[in-house]
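First the structure, in the form of structure tokens, and then the observations on it.
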Number of protein chains: 2
Amino acid sequence: MSGLVLVIEDEVDLATTLEYNLRSEGFQVRLAHSGRQGLAAATSDPTPDVIVLDLMLPDLAGTEICRRLRETDRTRETPVIMCTAKGEEIDRVVGFEVGADDYVVKPFSVRELILRIRALMRRVQRGEGEPSLIRFGRLKIDRDAHRAWVDDGEIGLTALEFRLLHAFLSRRGRVQTRDALLSDVWGIDADVTTRTVDTHVKRLREKLGDAGAYIETLRGVGYRFKGEPEEAAETGT
Amino acid sequence: MSGLVLVIEDEVDLATTLEYNLRSEGFQVRLAHSGRQGLAAATSDPTPDVIVLDLMLPDLAGTEICRRLRETDRTRETPVIMCTAKGEEIDRVVGFEVGADDYVVKPFSVRELILRIRALMRRVQRGEGEPSLIRFGRLKIDRDAHRAWVDDGEIGLTALEFRLLHAFLSRRGRVQTRDALLSDVWGIDADVTTRTVDTHVKRLREKLGDAGAYIETLRGVGYRFKGEPEEAAETGT
DNA sequence: CTCGAGCGTCACGTTCCCGTCACCAGGACC
DNA sequence: GGTCCTGGTGACGGGAACGTGACGCTCGAG
């Protein structure tokens, strides 16, 4: 759920502050201190999910950067939030003349910026993207609706169990260490024992019933969700 | 989908911005910088399809303009979107008393405004006199009149409650986090705690009576309006 | 000026989810 | 077969999340 935010801002202090705050909100952050740097950073892997762009930069105007981002295939759809000083041609910035999706006026509150970043990310996630339905053998989950079924019977999962199942499903066939699961499902700053994973895997298996066999235990390594649905039936018998 | 949008807005910069952005979205645009101008522009040929109206104008209040538009045959059915400053008597603006069809809170994002304009145009194109009713099980709401019924009995909803219900209905079956609801219903810079959502969900449920059960709570995730009216009686899809 | 509607916030109670612990089962390796 | 060690399992306490009632504030109506 956490996304990558590119901050293009030449005032180092402000950039650092933003970096810190965004990270503590669970975002990944990439910094650029000039326009050219920013353009490069916008097109390097992985493509940022949102770009925060200062209007006043030493080398290139923010408006110019924004136009170029819109002319590049990779960044055409990437939401841009423009930071402007007060009373600065705000009106022309937002919208399609330049192509920024939103703006904040300096001095802005970090909280507000984060709200707007979140809103933009939600919109992108909603609009495009993979179908929210994931099917796998007898399993089916719907991310938008936050529901899960086994053999067309719905099972009630808690928020954590749902995230865990989703983590398994999206990495099926590959081993996941407990640490990896912890950082994926619980978050970076999880102050939680690795044994907690065991407990929740158990609970998940219980609720999945027979389909719980999709989750394999690899002693000394971690867990793995089966790569192919048939494997469960064949090995089971 | 093209259409003619009349923008009544005294801040020239903002008006120009809107004009530019609307044009680049394929709309035709007519500008008016005062209330009287606006009234004249609303009744000249061709009649606008949508009117964007600032609440604060130098000569006439936006509410007054809206009333007069509603008293004039030519513009009685024309959808009006009101632009209000934050915390400004939103309540009376929408609904019978003034008769605006929708509103945005300044500073609004142009994208949001365009989305709302499109929504209104779709509604008009669907058929002139036909009320835009959304039915769902025992529920029925009329977006034009901002009225709602349960089992053919009307329930009095406030502007906020109606927006909340509408947000639920238009995204039925999908989870909505409190943050998402806040930015959709309250506006993006609402300085409001997420618990406020809880309170209004409670009030909405109360007024809906039995039908309040359509709104499900997903602990740790958010709220979800039922996807199918009869889901209570189980039976998988 | 008074009143009430509408809305945001707070405090309290309850539910139930989650993290941890202790105990046990069953491989792995010798 | 014995021992160590990893992981399964059941139980339990704490606390987060939510529902709910009450209160105060603002603003317009009368």
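Going through the structure tokens in order, the chains are called A, B, and so on, while each chain numbers its residues from 1 and the ligands are numbered from 1 in the order shown.
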
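Once chain B is fitted onto chain A using all Cα atoms matched in sequence order, the root-mean-square deviation is 13.0 Å.
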
Taking only C-alpha atoms (C1' of nucleotides) into account, report as an mmCIF file with C-alpha atoms (C1' of nucleotides), in the first residue's frame which residues of chain C lie within 10 Å of chain B.
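Output saved as iface.cif:
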data_model
loop_
_atom_site.group_PDB
_atom_site.id
_atom_site.type_symbol
_atom_site.label_atom_id
_atom_site.label_comp_id
_atom_site.auth_asym_id
_atom_site.auth_seq_id
_atom_site.Cartn_x
_atom_site.Cartn_y
_atom_site.Cartn_z
ATOM 1 C "C1'" DA C 5 -30.519 22.758 13.480
ATOM 2 C "C1'" DG C 6 -26.335 20.900 12.062
ATOM 3 C "C1'" DC C 7 -21.874 19.499 12.910
ATOM 4 C "C1'" DG C 8 -17.469 18.353 15.269
ATOM 5 C "C1'" DT C 9 -15.431 16.579 19.413
ATOM 6 C "C1'" DC C 16 -12.919 -8.593 19.601
ATOM 7 C "C1'" DC C 17 -8.453 -8.601 17.330
#

Provide as a list in words the residues of chain D at most 8 Å from chain A, counting only C-alpha atoms (C1' of nucleotides).
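In the required form, that comes to DT6, DG7 and DG8 of chain D.
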
Would you give me, as number ranges by chain, the residues in range 79-195 of chain A that DSSP reads as helix (DSSP H, G or I)?
A: 90-93, 110-127, 159-170, 178-186, 195

Preceding selection exported with C-alpha atoms as a CSV table (one decimal), in the first residue's frame:
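What landed in part.csv:
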chain,number,residue,atom,x,y,z
A,90,ILE,CA,-1.3,29.4,-8.7
A,91,ASP,CA,-4.2,29.6,-11.0
A,92,ARG,CA,-2.3,28.6,-14.1
A,93,VAL,CA,-0.4,25.9,-12.5
A,110,VAL,CA,3.0,18.7,6.0
A,111,ARG,CA,-0.2,17.1,7.1
A,112,GLU,CA,-2.1,18.7,4.3
A,113,LEU,CA,0.5,17.6,1.8
A,114,ILE,CA,0.2,14.1,3.0
A,115,LEU,CA,-3.5,14.1,2.7
A,116,ARG,CA,-3.3,15.3,-0.9
A,117,ILE,CA,-0.7,12.7,-1.7
A,118,ARG,CA,-2.9,10.0,-0.3
A,119,ALA,CA,-5.9,11.2,-2.2
A,120,LEU,CA,-4.0,11.2,-5.5
A,121,MET,CA,-2.7,7.7,-4.8
A,122,ARG,CA,-6.2,6.5,-4.1
A,123,ARG,CA,-7.4,7.9,-7.3
A,124,VAL,CA,-4.7,6.3,-9.4
A,125,GLN,CA,-5.1,3.0,-7.7
A,126,ARG,CA,-8.9,3.1,-8.2
A,127,GLY,CA,-8.8,4.2,-11.8
A,159,ALA,CA,-7.9,-6.9,8.2
A,160,LEU,CA,-4.6,-8.5,9.1
A,161,GLU,CA,-5.5,-11.9,7.8
A,162,PHE,CA,-6.7,-10.4,4.6
A,163,ARG,CA,-3.4,-8.6,4.1
A,164,LEU,CA,-1.5,-11.8,4.9
A,165,LEU,CA,-3.5,-13.8,2.4
A,166,HIS,CA,-3.0,-11.2,-0.2
A,167,ALA,CA,0.7,-11.2,0.4
A,168,PHE,CA,0.8,-14.9,-0.1
A,169,LEU,CA,-1.4,-14.8,-3.2
A,170,SER,CA,0.6,-12.1,-4.9
A,178,ARG,CA,9.0,-14.5,8.3
A,179,ASP,CA,10.9,-11.3,8.2
A,180,ALA,CA,9.7,-10.6,4.7
A,181,LEU,CA,6.1,-11.2,5.7
A,182,LEU,CA,6.5,-9.0,8.7
A,183,SER,CA,7.7,-6.0,6.7
A,184,ASP,CA,5.1,-6.6,4.0
A,185,VAL,CA,2.1,-7.2,6.1
A,186,TRP,CA,2.9,-5.6,9.4
A,195,ARG,CA,6.4,-16.1,16.0

For chain B versus chain A, which residues have an atom no more than 6 Å away, and what is each residue's nearest atom pair and distance in Å rounded to one decimal, using only C-alpha atoms, chain-then-number order, as a tab-separated table?
residue	atom	partner	partner_atom	distance
B:Leu14	CA	A:Asp91	CA	5.9
B:Thr17	CA	A:Arg92	CA	5.8
B:Asn21	CA	A:Phe96	CA	5.7
B:Val110	CA	A:Gly95	CA	5.9
B:Gly173	CA	A:Ala145	CA	5.7
B:Arg174	CA	A:Ala145	CA	4.2
B:Val175	CA	A:Ala145	CA	5.2
B:Gly220	CA	A:Ala159	CA	5.9

Could you check how far CA of Pro46 in chain A sits from CA of Ile141 in chain A, in Å to one decimal?
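Rounded to one decimal, the two atoms are 26.8 Å apart.
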
Where does DSSP see strand (DSSP E) in chain A, if you list the residues as a count of residues only?
50
